[in-house]
>>> print(open('entry05.csv').read())   # CSV, C-alpha atoms
chain,number,residue,atom,x,y,z
Y,5,MET,CA,-17.8,-55.2,113.9
Y,6,TRP,CA,-19.1,-52.0,115.6
Y,7,THR,CA,-16.2,-49.6,114.8
Y,8,LEU,CA,-17.7,-48.5,111.4
Y,9,PRO,CA,-21.2,-47.6,112.6
Y,10,ILE,CA,-19.9,-45.9,115.8
Y,11,LEU,CA,-17.4,-43.9,113.6
Y,12,ILE,CA,-20.1,-42.8,111.2
Y,13,VAL,CA,-22.8,-41.8,113.8
Y,14,GLY,CA,-20.3,-40.2,116.1
Y,15,ALA,CA,-18.5,-38.2,113.5
Y,16,THR,CA,-21.8,-37.0,112.0
Y,17,VAL,CA,-23.2,-35.8,115.2
Y,18,ALA,CA,-20.0,-33.9,116.0
Y,19,LEU,CA,-20.0,-32.2,112.6
Y,20,ALA,CA,-23.8,-31.6,112.7
Y,21,ILE,CA,-23.6,-29.2,115.7
Y,22,PRO,CA,-21.5,-26.4,114.1
Y,23,LEU,CA,-23.2,-27.0,110.7
Y,24,GLY,CA,-26.7,-26.7,112.3
Y,25,LEU,CA,-25.7,-23.4,114.0
Y,26,TYR,CA,-24.4,-22.1,110.7
Y,27,MET,CA,-27.7,-23.1,109.0
Y,28,GLY,CA,-29.7,-21.1,111.6
Y,29,TRP,CA,-27.3,-18.2,111.0
Y,30,ILE,CA,-27.8,-18.1,107.3
Y,31,PHE,CA,-31.6,-18.6,107.3
Y,32,ASP,CA,-32.0,-15.8,109.9
Y,33,GLY,CA,-30.2,-13.5,107.5
Y,34,ARG,CA,-27.2,-13.0,109.8
Y,35,TYR,CA,-24.6,-14.4,107.3
Y,36,ARG,CA,-22.7,-11.6,105.6
Y,37,ALA,CA,-22.0,-13.0,102.1
Y,38,PRO,CA,-19.5,-11.5,99.7
Y,39,ALA,CA,-20.8,-8.4,97.9
Y,40,TRP,CA,-21.4,-10.0,94.6
Y,41,LEU,CA,-23.5,-12.8,96.2
Y,42,ARG,CA,-25.5,-10.3,98.2
Y,43,TRP,CA,-26.2,-8.4,94.9
Y,44,PHE,CA,-27.9,-11.5,93.5
Y,45,GLU,CA,-29.7,-12.2,96.8
Y,46,GLN,CA,-31.1,-8.7,96.8
Y,47,ARG,CA,-32.4,-9.1,93.2
Y,48,LEU,CA,-34.4,-12.1,94.4
Y,49,ASP,CA,-35.8,-10.5,97.5
Y,50,THR,CA,-39.4,-9.3,96.7
Y,51,GLY,CA,-40.1,-8.8,100.4
Y,52,PRO,CA,-41.7,-10.8,103.2
Y,53,GLN,CA,-44.4,-13.3,102.2
Y,54,SER,CA,-47.4,-14.6,104.0
Y,55,TRP,CA,-47.8,-18.4,104.3
Y,56,LYS,CA,-50.1,-18.3,101.2
Y,57,GLN,CA,-47.7,-16.3,99.2
Y,58,TYR,CA,-44.8,-18.6,100.3
Y,59,ALA,CA,-46.7,-21.7,99.4
Y,60,VAL,CA,-47.8,-20.4,96.0
Y,61,ALA,CA,-44.2,-19.4,95.2
Y,62,LEU,CA,-43.0,-22.9,96.1
Y,63,LEU,CA,-45.6,-24.6,94.0
Y,64,LEU,CA,-45.1,-22.4,91.0
Y,65,PHE,CA,-41.4,-23.0,91.2
Y,66,ASN,CA,-42.0,-26.7,91.2
Y,67,VAL,CA,-44.1,-26.4,88.0
Y,68,ALA,CA,-41.4,-24.3,86.3
Y,69,ILE,CA,-38.6,-26.8,87.1
Y,70,PHE,CA,-40.8,-29.7,86.0
Y,71,ILE,CA,-41.3,-28.1,82.5
Y,72,LEU,CA,-37.6,-27.2,82.3
Y,73,GLY,CA,-36.5,-30.7,83.4
Y,74,PHE,CA,-38.8,-32.4,80.8
Y,75,ALA,CA,-37.3,-30.2,78.1
Y,76,ILE,CA,-33.7,-31.1,79.1
Y,77,LEU,CA,-34.3,-34.8,79.0
Y,78,ALA,CA,-36.5,-34.7,75.9
Y,79,LEU,CA,-33.8,-32.7,74.0
Y,80,GLN,CA,-30.9,-34.9,75.2
Y,81,PRO,CA,-29.8,-36.0,71.6
Y,82,TRP,CA,-29.3,-32.4,70.6
Y,83,MET,CA,-27.6,-31.1,73.7
Y,84,PRO,CA,-23.8,-30.8,74.2
Y,85,LEU,CA,-21.7,-32.9,76.4
Y,86,ASN,CA,-22.9,-36.1,74.8
Y,87,PRO,CA,-19.7,-38.0,73.7
Y,88,GLU,CA,-21.5,-41.4,73.6
Y,89,ASP,CA,-24.4,-40.0,71.5
Y,90,LYS,CA,-27.1,-41.0,74.0
Y,91,LYS,CA,-30.6,-41.0,72.5
Y,92,MET,CA,-33.9,-39.7,74.0
Y,93,LEU,CA,-35.5,-41.6,76.8
Y,94,ALA,CA,-39.1,-42.8,76.4
Y,95,PRO,CA,-41.6,-40.0,77.4
Y,96,THR,CA,-43.0,-42.3,80.1
Y,97,THR,CA,-39.5,-42.7,81.6
Y,98,ILE,CA,-38.9,-39.0,81.4
Y,99,PHE,CA,-42.2,-38.4,83.2
Y,100,ASN,CA,-41.4,-41.0,85.9
Y,101,THR,CA,-37.9,-39.5,86.4
Y,102,LEU,CA,-39.3,-36.0,86.7
Y,103,CYS,CA,-41.9,-37.0,89.3
Y,104,SER,CA,-39.5,-38.9,91.4
Y,105,PHE,CA,-36.7,-36.3,91.3
Y,106,LEU,CA,-39.1,-33.4,91.9
Y,107,SER,CA,-40.5,-35.1,95.0
Y,108,ASN,CA,-36.9,-36.0,96.1
Y,109,THR,CA,-37.6,-39.7,96.1
Y,110,ASN,CA,-35.3,-40.2,93.2
Y,111,LEU,CA,-36.6,-43.5,91.8
Y,112,GLN,CA,-34.4,-44.6,88.9
Y,113,HIS,CA,-36.2,-46.3,86.0
Y,114,TYR,CA,-33.1,-45.7,83.9
Y,115,SER,CA,-29.4,-46.6,84.3
Y,116,GLY,CA,-27.4,-43.4,84.4
Y,117,GLU,CA,-24.3,-44.5,82.5
Y,118,VAL,CA,-26.3,-46.2,79.8
Y,119,HIS,CA,-29.1,-43.8,79.1
Y,120,LEU,CA,-28.1,-40.2,80.1
Y,121,SER,CA,-25.5,-37.8,78.6
Y,122,TYR,CA,-23.2,-35.8,80.7
Y,123,PHE,CA,-25.4,-32.7,80.0
Y,124,SER,CA,-28.5,-34.5,81.4
Y,125,GLN,CA,-26.5,-35.8,84.3
Y,126,LEU,CA,-25.2,-32.4,85.2
Y,127,PHE,CA,-28.1,-30.1,84.2
Y,128,PHE,CA,-30.9,-32.3,85.2
Y,129,ILE,CA,-29.9,-35.0,87.7
Y,130,CYS,CA,-27.2,-33.0,89.6
Y,131,TRP,CA,-29.2,-29.7,89.3
Y,132,MET,CA,-32.4,-31.3,90.7
Y,133,GLN,CA,-30.4,-32.9,93.5
Y,134,PHE,CA,-29.5,-29.4,94.6
Y,135,ILE,CA,-32.9,-27.9,94.1
Y,136,THR,CA,-35.3,-30.5,95.6
Y,137,PRO,CA,-33.7,-30.9,99.0
Y,138,SER,CA,-33.4,-27.1,99.2
Y,139,ILE,CA,-37.2,-26.9,98.5
Y,140,GLY,CA,-37.9,-29.2,101.4
Y,141,LEU,CA,-35.5,-27.2,103.6
Y,142,CYS,CA,-37.3,-24.0,102.7
Y,143,ALA,CA,-40.6,-25.5,103.8
Y,144,LEU,CA,-39.0,-26.5,107.1
Y,145,VAL,CA,-37.6,-23.0,107.6
Y,146,ALA,CA,-41.0,-21.4,106.9
Y,147,ILE,CA,-42.6,-23.7,109.4
Y,148,ILE,CA,-40.0,-22.8,112.0
Y,149,ARG,CA,-40.8,-19.1,111.5
Y,150,GLY,CA,-44.5,-19.8,111.9
Y,151,LEU,CA,-43.8,-21.7,115.1
Y,152,ARG,CA,-41.9,-18.9,116.7
Y,153,GLY,CA,-44.6,-16.4,115.9
Y,154,ASP,CA,-43.0,-14.3,113.1
Y,155,GLY,CA,-45.3,-12.0,111.2
Y,156,HIS,CA,-44.3,-13.5,107.9
Y,157,MET,CA,-42.7,-16.7,106.5
Y,158,GLY,CA,-39.7,-15.0,104.9
Y,159,ASN,CA,-39.2,-15.0,101.2
Y,160,TYR,CA,-39.2,-18.3,99.3
Y,161,CYS,CA,-36.7,-17.2,96.6
Y,162,VAL,CA,-34.2,-15.8,99.1
Y,163,ASP,CA,-34.5,-19.0,101.3
Y,164,LEU,CA,-33.9,-21.2,98.2
Y,165,TRP,CA,-30.9,-19.1,97.2
Y,166,ARG,CA,-29.4,-19.4,100.7
Y,167,SER,CA,-30.0,-23.1,100.8
Y,168,VAL,CA,-28.3,-23.8,97.5
Y,169,VAL,CA,-25.5,-21.2,97.4
Y,170,TYR,CA,-24.6,-20.9,101.1
Y,171,LEU,CA,-25.2,-24.5,102.2
Y,172,PHE,CA,-25.3,-27.3,99.6
Y,173,LEU,CA,-22.8,-25.8,97.1
Y,174,PRO,CA,-19.9,-25.3,99.5
Y,175,LEU,CA,-20.6,-28.7,101.3
Y,176,SER,CA,-20.8,-30.5,97.9
Y,177,LEU,CA,-17.6,-28.8,96.6
Y,178,ILE,CA,-15.7,-30.0,99.7
Y,179,LEU,CA,-17.1,-33.5,99.6
Y,180,ALA,CA,-16.5,-33.8,95.8
Y,181,VAL,CA,-12.9,-32.8,96.1
Y,182,VAL,CA,-12.3,-35.3,98.9
Y,183,LEU,CA,-14.1,-38.1,96.9
Y,184,ILE,CA,-11.9,-37.4,93.9
Y,185,GLY,CA,-9.0,-38.0,96.3
Y,186,THR,CA,-10.4,-41.4,97.1
Y,187,GLY,CA,-10.5,-42.3,93.5
Y,188,VAL,CA,-14.0,-41.3,92.3
Y,189,PRO,CA,-13.8,-40.2,88.6
Y,190,MET,CA,-14.4,-36.6,87.6
Y,191,THR,CA,-14.1,-36.0,83.9
Y,192,LEU,CA,-16.0,-34.9,80.8
Y,193,GLU,CA,-14.2,-37.4,78.5
Y,194,GLY,CA,-16.1,-40.3,77.0
Y,195,SER,CA,-15.9,-43.9,78.2
Y,196,ALA,CA,-12.4,-45.4,78.5
Y,197,LYS,CA,-11.6,-48.2,76.0
Y,198,LEU,CA,-9.1,-50.6,77.5
Y,199,GLN,CA,-7.5,-53.7,76.2
Y,200,THR,CA,-8.3,-56.7,78.4
Y,201,VAL,CA,-5.7,-58.5,80.4
Y,202,GLU,CA,-5.9,-61.6,78.3
Y,203,PRO,CA,-4.9,-60.7,74.7
Y,204,ALA,CA,-6.8,-62.0,71.6
Y,205,ALA,CA,-5.9,-65.6,70.6
Y,206,ASN,CA,-6.0,-67.6,67.3
Y,207,GLY,CA,-6.0,-64.5,65.1
Y,208,GLN,CA,-9.1,-63.1,66.7
Y,209,PRO,CA,-9.4,-59.3,67.0
Y,210,THR,CA,-8.4,-57.7,70.2
Y,211,VAL,CA,-11.3,-57.2,72.6
Y,212,LEU,CA,-11.6,-53.8,74.2
Y,213,GLN,CA,-13.4,-53.3,77.5
Y,214,ILE,CA,-15.5,-50.1,77.7
Y,215,LEU,CA,-15.5,-48.4,81.1
Y,216,ALA,CA,-18.2,-45.8,81.7
Y,217,ARG,CA,-17.0,-42.7,83.5
Y,218,GLY,CA,-17.9,-39.0,83.7
Y,219,PRO,CA,-18.5,-36.2,86.3
Y,220,VAL,CA,-19.2,-38.8,88.9
Y,221,ALA,CA,-17.7,-37.1,92.0
Y,222,ALA,CA,-19.9,-34.0,91.5
Y,223,ILE,CA,-23.1,-36.0,91.4
Y,224,VAL,CA,-22.2,-38.4,94.2
Y,225,ALA,CA,-21.5,-35.5,96.6
Y,226,ILE,CA,-24.9,-33.8,96.3
Y,227,LYS,CA,-26.6,-37.2,95.9
Y,228,GLN,CA,-25.5,-38.0,99.5
Y,229,LEU,CA,-25.7,-34.6,101.0
Y,230,GLY,CA,-29.2,-34.0,99.7
Y,231,THR,CA,-30.4,-37.5,100.8
Y,232,ASN,CA,-31.1,-38.2,97.2
Y,233,GLY,CA,-31.0,-41.3,95.1
Y,234,GLY,CA,-30.2,-41.1,91.4
Y,235,GLY,CA,-26.5,-41.9,91.2
Y,236,PHE,CA,-24.3,-41.5,88.1
Y,237,PHE,CA,-24.3,-45.3,87.7
Y,238,GLY,CA,-27.4,-47.5,87.9
Y,239,ALA,CA,-25.9,-49.3,90.9
Y,240,ASN,CA,-25.4,-46.1,92.7
Y,241,CYS,CA,-22.8,-46.4,95.6
Y,242,ALA,CA,-22.6,-50.2,95.1
Y,243,HIS,CA,-20.6,-49.3,91.9
Y,244,PRO,CA,-16.9,-49.2,92.6
Y,245,PHE,CA,-16.5,-45.9,90.7
Y,246,GLU,CA,-19.0,-44.2,93.0
Y,247,ASN,CA,-17.6,-45.8,96.1
Y,248,PRO,CA,-14.1,-47.1,95.5
Y,249,ASN,CA,-12.7,-47.7,99.0
Y,250,ASP,CA,-13.4,-47.7,102.7
Y,251,TRP,CA,-12.9,-43.9,103.1
Y,252,SER,CA,-15.4,-43.1,100.4
Y,253,ASN,CA,-17.9,-45.5,102.0
Y,254,VAL,CA,-17.5,-43.7,105.4
Y,255,LEU,CA,-17.9,-40.3,103.7
Y,256,CYS,CA,-21.0,-41.3,101.8
Y,257,CYS,CA,-22.7,-42.7,104.9
Y,258,LEU,CA,-21.7,-39.7,106.9
Y,259,ALA,CA,-22.9,-37.2,104.2
Y,260,ILE,CA,-26.4,-38.7,103.9
Y,261,ILE,CA,-27.3,-38.1,107.6
Y,262,LEU,CA,-25.3,-34.9,108.1
Y,263,VAL,CA,-27.8,-32.3,106.9
Y,264,PRO,CA,-30.8,-34.1,108.5
Y,265,ILE,CA,-29.2,-34.1,111.9
Y,266,SER,CA,-27.9,-30.5,111.4
Y,267,GLN,CA,-31.5,-29.4,110.8
Y,268,LEU,CA,-32.4,-30.4,114.4
Y,269,VAL,CA,-29.7,-28.0,115.7
Y,270,MET,CA,-30.9,-25.3,113.3
Y,271,PHE,CA,-34.5,-26.0,114.5
Y,272,GLY,CA,-33.5,-25.4,118.2
Y,273,ARG,CA,-31.3,-22.4,117.3
Y,274,MET,CA,-34.0,-20.6,115.3
Y,275,LEU,CA,-36.7,-21.4,117.9
Y,276,LYS,CA,-34.3,-20.4,120.7
Y,277,ASN,CA,-35.3,-23.7,122.3
Y,278,LEU,CA,-32.4,-26.2,122.1
Y,279,ARG,CA,-34.1,-28.4,124.8
Y,280,HIS,CA,-37.0,-29.0,122.4
Y,281,ALA,CA,-34.7,-29.9,119.6
Y,282,GLY,CA,-32.8,-32.1,122.0
Y,283,VAL,CA,-35.9,-34.2,122.8
Y,284,ILE,CA,-36.5,-34.7,119.1
Y,285,PHE,CA,-32.9,-35.6,118.5
Y,286,GLY,CA,-33.0,-38.1,121.3
Y,287,VAL,CA,-36.0,-39.9,119.8
Y,288,MET,CA,-34.5,-40.0,116.3
Y,289,PHE,CA,-31.1,-41.0,117.6
Y,290,ALA,CA,-32.6,-43.9,119.5
Y,291,LEU,CA,-34.5,-45.1,116.5
Y,292,SER,CA,-31.5,-44.7,114.2
Y,293,VAL,CA,-29.1,-46.5,116.5
Y,294,GLY,CA,-31.7,-49.2,117.1
Y,295,THR,CA,-32.1,-49.9,113.4
Y,296,ILE,CA,-28.3,-50.0,112.9
Y,297,VAL,CA,-27.8,-52.4,115.8
Y,298,TRP,CA,-30.6,-54.6,114.7
Y,299,ALA,CA,-29.3,-54.7,111.1
Y,300,VAL,CA,-25.8,-55.6,112.1
Y,301,SER,CA,-26.8,-58.1,114.8
Y,302,GLN,CA,-29.3,-59.9,112.6
Y,303,ASP,CA,-27.3,-59.9,109.4
Y,304,THR,CA,-23.5,-59.6,110.0
Y,305,MET,CA,-23.6,-61.6,113.2
Y,306,GLN,CA,-26.0,-64.3,112.0
Y,307,PRO,CA,-25.6,-67.0,109.3
Y,308,ASN,CA,-27.7,-67.0,106.1
Y,309,PRO,CA,-30.6,-69.4,106.9
Y,310,ALA,CA,-30.7,-70.4,103.2
Y,311,LEU,CA,-27.3,-72.0,103.6
Y,312,THR,CA,-27.7,-73.5,107.1
Y,313,ALA,CA,-28.7,-77.1,107.9
Y,314,HIS,CA,-32.2,-77.6,109.4
Y,315,ALA,CA,-33.4,-80.7,111.2
Y,316,GLU,CA,-36.7,-82.3,110.4
Y,317,GLN,CA,-39.6,-80.4,112.0
Y,318,THR,CA,-43.3,-81.2,112.4
Y,319,TYR,CA,-46.3,-78.8,112.7
Y,320,GLN,CA,-49.9,-79.3,113.6
Y,321,ILE,CA,-52.5,-77.4,111.6
Y,322,PRO,CA,-56.3,-77.4,111.8
Y,323,ASP,CA,-58.0,-79.8,109.4
Y,324,PRO,CA,-61.7,-80.9,109.9
Y,325,ALA,CA,-61.2,-83.9,107.6
Y,326,ALA,CA,-58.3,-85.3,109.6
Y,327,GLU,CA,-58.6,-87.5,112.7
Y,328,GLY,CA,-58.8,-85.4,115.8
Y,329,GLY,CA,-59.4,-82.3,113.6
Y,330,ARG,CA,-55.6,-81.6,113.1
Y,331,ARG,CA,-53.2,-82.7,110.5
Y,332,THR,CA,-49.4,-83.1,110.9
Y,333,ILE,CA,-47.1,-81.3,108.4
Y,334,VAL,CA,-43.6,-82.7,108.2
Y,335,VAL,CA,-40.8,-80.4,107.0
Y,336,PRO,CA,-38.0,-82.6,105.9
Y,337,ALA,CA,-34.4,-82.0,107.0
Y,338,VAL,CA,-32.3,-79.7,104.8
Y,339,ALA,CA,-28.6,-80.3,104.5
Y,340,GLY,CA,-26.4,-77.2,104.9
Y,341,LEU,CA,-24.1,-76.1,102.2
Y,342,PRO,CA,-20.3,-76.3,102.8
Y,343,VAL,CA,-20.0,-72.5,103.2
Y,344,ASP,CA,-18.0,-70.9,106.0
Y,345,GLN,CA,-20.4,-68.5,107.8
Y,346,SER,CA,-18.2,-67.5,110.7
Y,347,LEU,CA,-18.3,-64.0,109.4
Y,348,GLY,CA,-22.1,-64.0,109.2
Y,349,ASN,CA,-24.3,-63.6,106.2
Y,350,LEU,CA,-22.1,-62.7,103.2
Y,351,GLU,CA,-24.6,-63.3,100.4
Y,352,GLY,CA,-24.5,-60.4,98.0
Y,353,LYS,CA,-22.0,-58.4,100.3
Y,354,GLU,CA,-18.9,-56.5,99.5
Y,355,LEU,CA,-16.1,-57.2,101.9
Y,356,ARG,CA,-14.0,-54.3,100.8
Y,357,PHE,CA,-15.4,-52.2,103.6
Y,358,GLY,CA,-15.7,-54.8,106.3
Y,359,THR,CA,-18.5,-57.3,107.1
Y,360,ALA,CA,-20.7,-54.8,108.9
Y,361,ALA,CA,-20.7,-52.2,106.1
Y,362,GLY,CA,-23.6,-53.6,104.1
Y,363,ALA,CA,-26.0,-53.7,107.1
Y,364,THR,CA,-24.8,-50.3,108.3
Y,365,TRP,CA,-25.4,-48.8,104.8
Y,366,ALA,CA,-28.9,-50.3,104.6
Y,367,ALA,CA,-29.8,-48.8,108.0
Y,368,VAL,CA,-28.2,-45.3,107.4
Y,369,THR,CA,-29.7,-44.7,104.0
Y,370,THR,CA,-33.2,-45.8,104.9
Y,371,ASN,CA,-33.0,-43.7,108.1
Y,372,THR,CA,-33.0,-40.6,105.9
Y,373,SER,CA,-34.6,-41.5,102.6
Y,374,ASN,CA,-36.8,-44.0,100.8
Y,375,GLY,CA,-33.9,-46.4,100.4
Y,376,SER,CA,-33.4,-45.6,96.7
Y,377,VAL,CA,-29.6,-45.5,97.3
Y,378,ASN,CA,-29.0,-49.1,96.4
Y,379,CYS,CA,-28.8,-50.8,99.8
Y,380,MET,CA,-29.1,-54.3,98.3
Y,381,HIS,CA,-31.9,-55.1,100.7
Y,382,ASP,CA,-32.5,-58.5,99.1
Y,383,SER,CA,-29.2,-59.7,100.4
Y,384,LEU,CA,-30.1,-59.1,104.0
Y,385,ASN,CA,-31.2,-61.9,106.3
Y,386,PRO,CA,-35.0,-62.0,106.7
Y,387,LEU,CA,-35.1,-60.4,110.2
Y,388,ALA,CA,-32.4,-57.8,109.2
Y,389,GLY,CA,-34.7,-56.8,106.3
Y,390,LEU,CA,-36.9,-55.2,108.9
Y,391,THR,CA,-34.4,-52.4,109.2
Y,392,PRO,CA,-34.9,-50.9,105.7
Y,393,LEU,CA,-38.6,-51.6,105.8
Y,394,THR,CA,-38.9,-49.8,109.1
Y,395,GLY,CA,-36.9,-46.9,107.8
Y,396,MET,CA,-39.1,-46.6,104.7
Y,397,TRP,CA,-42.3,-47.0,106.6
Y,398,LEU,CA,-41.4,-44.2,109.1
Y,399,ASN,CA,-39.8,-42.1,106.3
Y,400,CYS,CA,-37.8,-40.6,107.7
Y,401,ILE,CA,-36.2,-41.3,111.1
Y,402,TRP,CA,-33.8,-38.4,110.6
Y,403,ALA,CA,-36.4,-36.1,109.2
Y,404,ALA,CA,-34.6,-35.3,106.0
Y,405,SER,CA,-35.3,-32.0,104.3
Y,406,ALA,CA,-37.0,-33.9,101.5
Y,407,SER,CA,-39.7,-34.8,103.9
Y,408,ALA,CA,-40.2,-31.4,105.5
>>> encode(input="entry05.csv", output="structure tokens")
Amino acid sequence: MWTLPILIVGATVALAIPLGLYMGWIFDGRYRAPAWLRWFEQRLDTGPQSWKQYAVALLLFNVAIFILGFAILALQPWMPLNPEDKKMLAPTTIFNTLCSFLSNTNLQHYSGEVHLSYFSQLFFICWMQFITPSIGLCALVAIIRGLRGDGHMGNYCVDLWRSVVYLFLPLSLILAVVLIGTGVPMTLEGSAKLQTVEPAANGQPTVLQILARGPVAAIVAIKQLGTNGGGFFGANCAHPFENPNDWSNVLCCLAIILVPISQLVMFGRMLKNLRHAGVIFGVMFALSVGTIVWAVSQDTMQPNPALTAHAEQTYQIPDPAAEGGRRTIVVPAVAGLPVDQSLGNLEGKELRFGTAAGATWAAVTTNTSNGSVNCMHDSLNPLAGLTPLTGMWLNCIWAASASA
């Protein structure tokens, strides 16, 4: 029951310490990159910026990627890597998608495998999932420099380069390769057309099943590491091609809270005040563990009340027209359904990863983001549903870079 959440939180905290120290190292400019990467970085460095210059650079960059992103989605029918001949999305859907991905909330009013070509998935969805968490991380780094009394905020373009190239790219490459090993697809071929198990009968033509696939592993990796939504498939990690087995499930849960926790270590390192960062970590850790424990205890360890028998109950409510000023309301008895609930609430749950996996996922994802990574909240028991609601209200417990 508790092995999965303990494994996820424990492993993430252990990995976050060295990663956070590395993040402080690169943003303080102490990382010695290969010569060809340093050449690019030097071309981007226009010198130190004041807070106003840094803010203007950040805002102008957001305007530029909004225009570029709109063009990519609007021109989808004429772009390469479109083996299924996907058509253009409605302009309102393009606008909604741009706004949500630019703000790193990643609301999907589309279904990736149905509406987007591989080009759009890679050069808009995947690209934005690298850029937008990096923008939030840049804002956090600038704030840290201000808190420690630096004479400038650094350089926005250099910080963005370091975030994307030195942090998210190598992490995503490692995670994507591991996810491919767990069975997540990674291909530029079109959908697979397979004959069904049951052959055609009575002279009817053979029915082919069409299975969507594509560069899934690359998108899932940065989707999780950048605390993004916007999976390759409309169902996100509830889809078996994005999350095929228990190992991929652990990796996805670990990845979505890894960078947010590492940021706290980076914060303490750059401020040279790890005790301050430790206090913040303690508060966030207590909130995160509390929501996970609440979700598991109220969902996985409790039956579904909709399937449980209830005895007749009576209530008194104020009613001036009734005798004595109160009226009795009778709630009739409800017969339970013949469903084994010894494993807790299983409505809408996948048992491939264990009974506690659904509740753990709901808690972990909403601890770091807006819950857009399909948590199937509607399948939680009513009291367990307080976990994703609390996570989204606080937004975010683990102070994801998107919220910096």
>>> residues_around(input="entry05.csv", residues="range 304-306 of chain Y", least_positions_apart="2", cutoff="10 Å", atoms="all atoms listed in the file", output="ChimeraX atom specification")
/Y:5,298-302,308-309,345-350,353,358-364,384-385,388
>>> residues_near_point(input="entry05.csv", point="(-24.7, -75.0, 103.7)", cutoff="8 Å", atoms="only C-alpha atoms", output="ChimeraX atom specification")
/Y:310-313,339-343
>>> write_last_selection(input="entry05.csv", atoms="C-alpha atoms", output="CSV table (one decimal), in the frame of the given file")
chain,number,residue,atom,x,y,z
Y,310,ALA,CA,-30.7,-70.4,103.2
Y,311,LEU,CA,-27.3,-72.0,103.6
Y,312,THR,CA,-27.7,-73.5,107.1
Y,313,ALA,CA,-28.7,-77.1,107.9
Y,339,ALA,CA,-28.6,-80.3,104.5
Y,340,GLY,CA,-26.4,-77.2,104.9
Y,341,LEU,CA,-24.1,-76.1,102.2
Y,342,PRO,CA,-20.3,-76.3,102.8
Y,343,VAL,CA,-20.0,-72.5,103.2
>>> residues_around(input="entry05.csv", residues="Ile260 in chain Y", least_positions_apart="6", cutoff="9 Å", atoms="all atoms listed in the file", output="list of chain:residue names")
Y:Lys227, Y:Gln228, Y:Leu229, Y:Gly230, Y:Thr231, Y:Asn232, Y:Val368, Y:Thr369, Y:Thr372, Y:Ser373
>>> atom_distance(input="entry05.csv", atom1="CA of Asp32 in chain Y", atom2="CA of Ser138 in chain Y")
15.6 Å
>>> closest_residue(input="entry05.csv", among="Y:Ser383, Y:Asp323, Y:Met27, Y:Arg330", to="Asp303 in chain Y", atoms="only C-alpha atoms")
Y:Ser383
>>> atom_distance(input="entry05.csv", atom1="CA of Phe236 in chain Y", atom2="CA of Phe128 in chain Y")
11.7 Å
>>> closest_residue(input="entry05.csv", among="Y:Val297, Y:Leu398, Y:Val254, Y:Ala196", to="Asn371 in chain Y", atoms="all atoms listed in the file")
Y:Leu398
>>> atom_distance(input="entry05.csv", atom1="CA of Trp82 in chain Y", atom2="CA of Pro95 in chain Y")
16.0 Å
>>> residues_around(input="entry05.csv", residues="Gln125 in chain Y", least_positions_apart="5", cutoff="9 Å", atoms="all atoms listed in the file", output="PyMOL selection string")
chain Y and resi 116+120+130-131+219+223+236
>>> residues_around(input="entry05.csv", residues="Leu93 in chain Y", least_positions_apart="2", cutoff="9 Å", atoms="all atoms listed in the file", output="list in words")
Leu77, Ala78, Gln80, Lys90, Lys91, Pro95, Thr96, Thr97, Ile98, Tyr114, His119 and Leu120 of chain Y
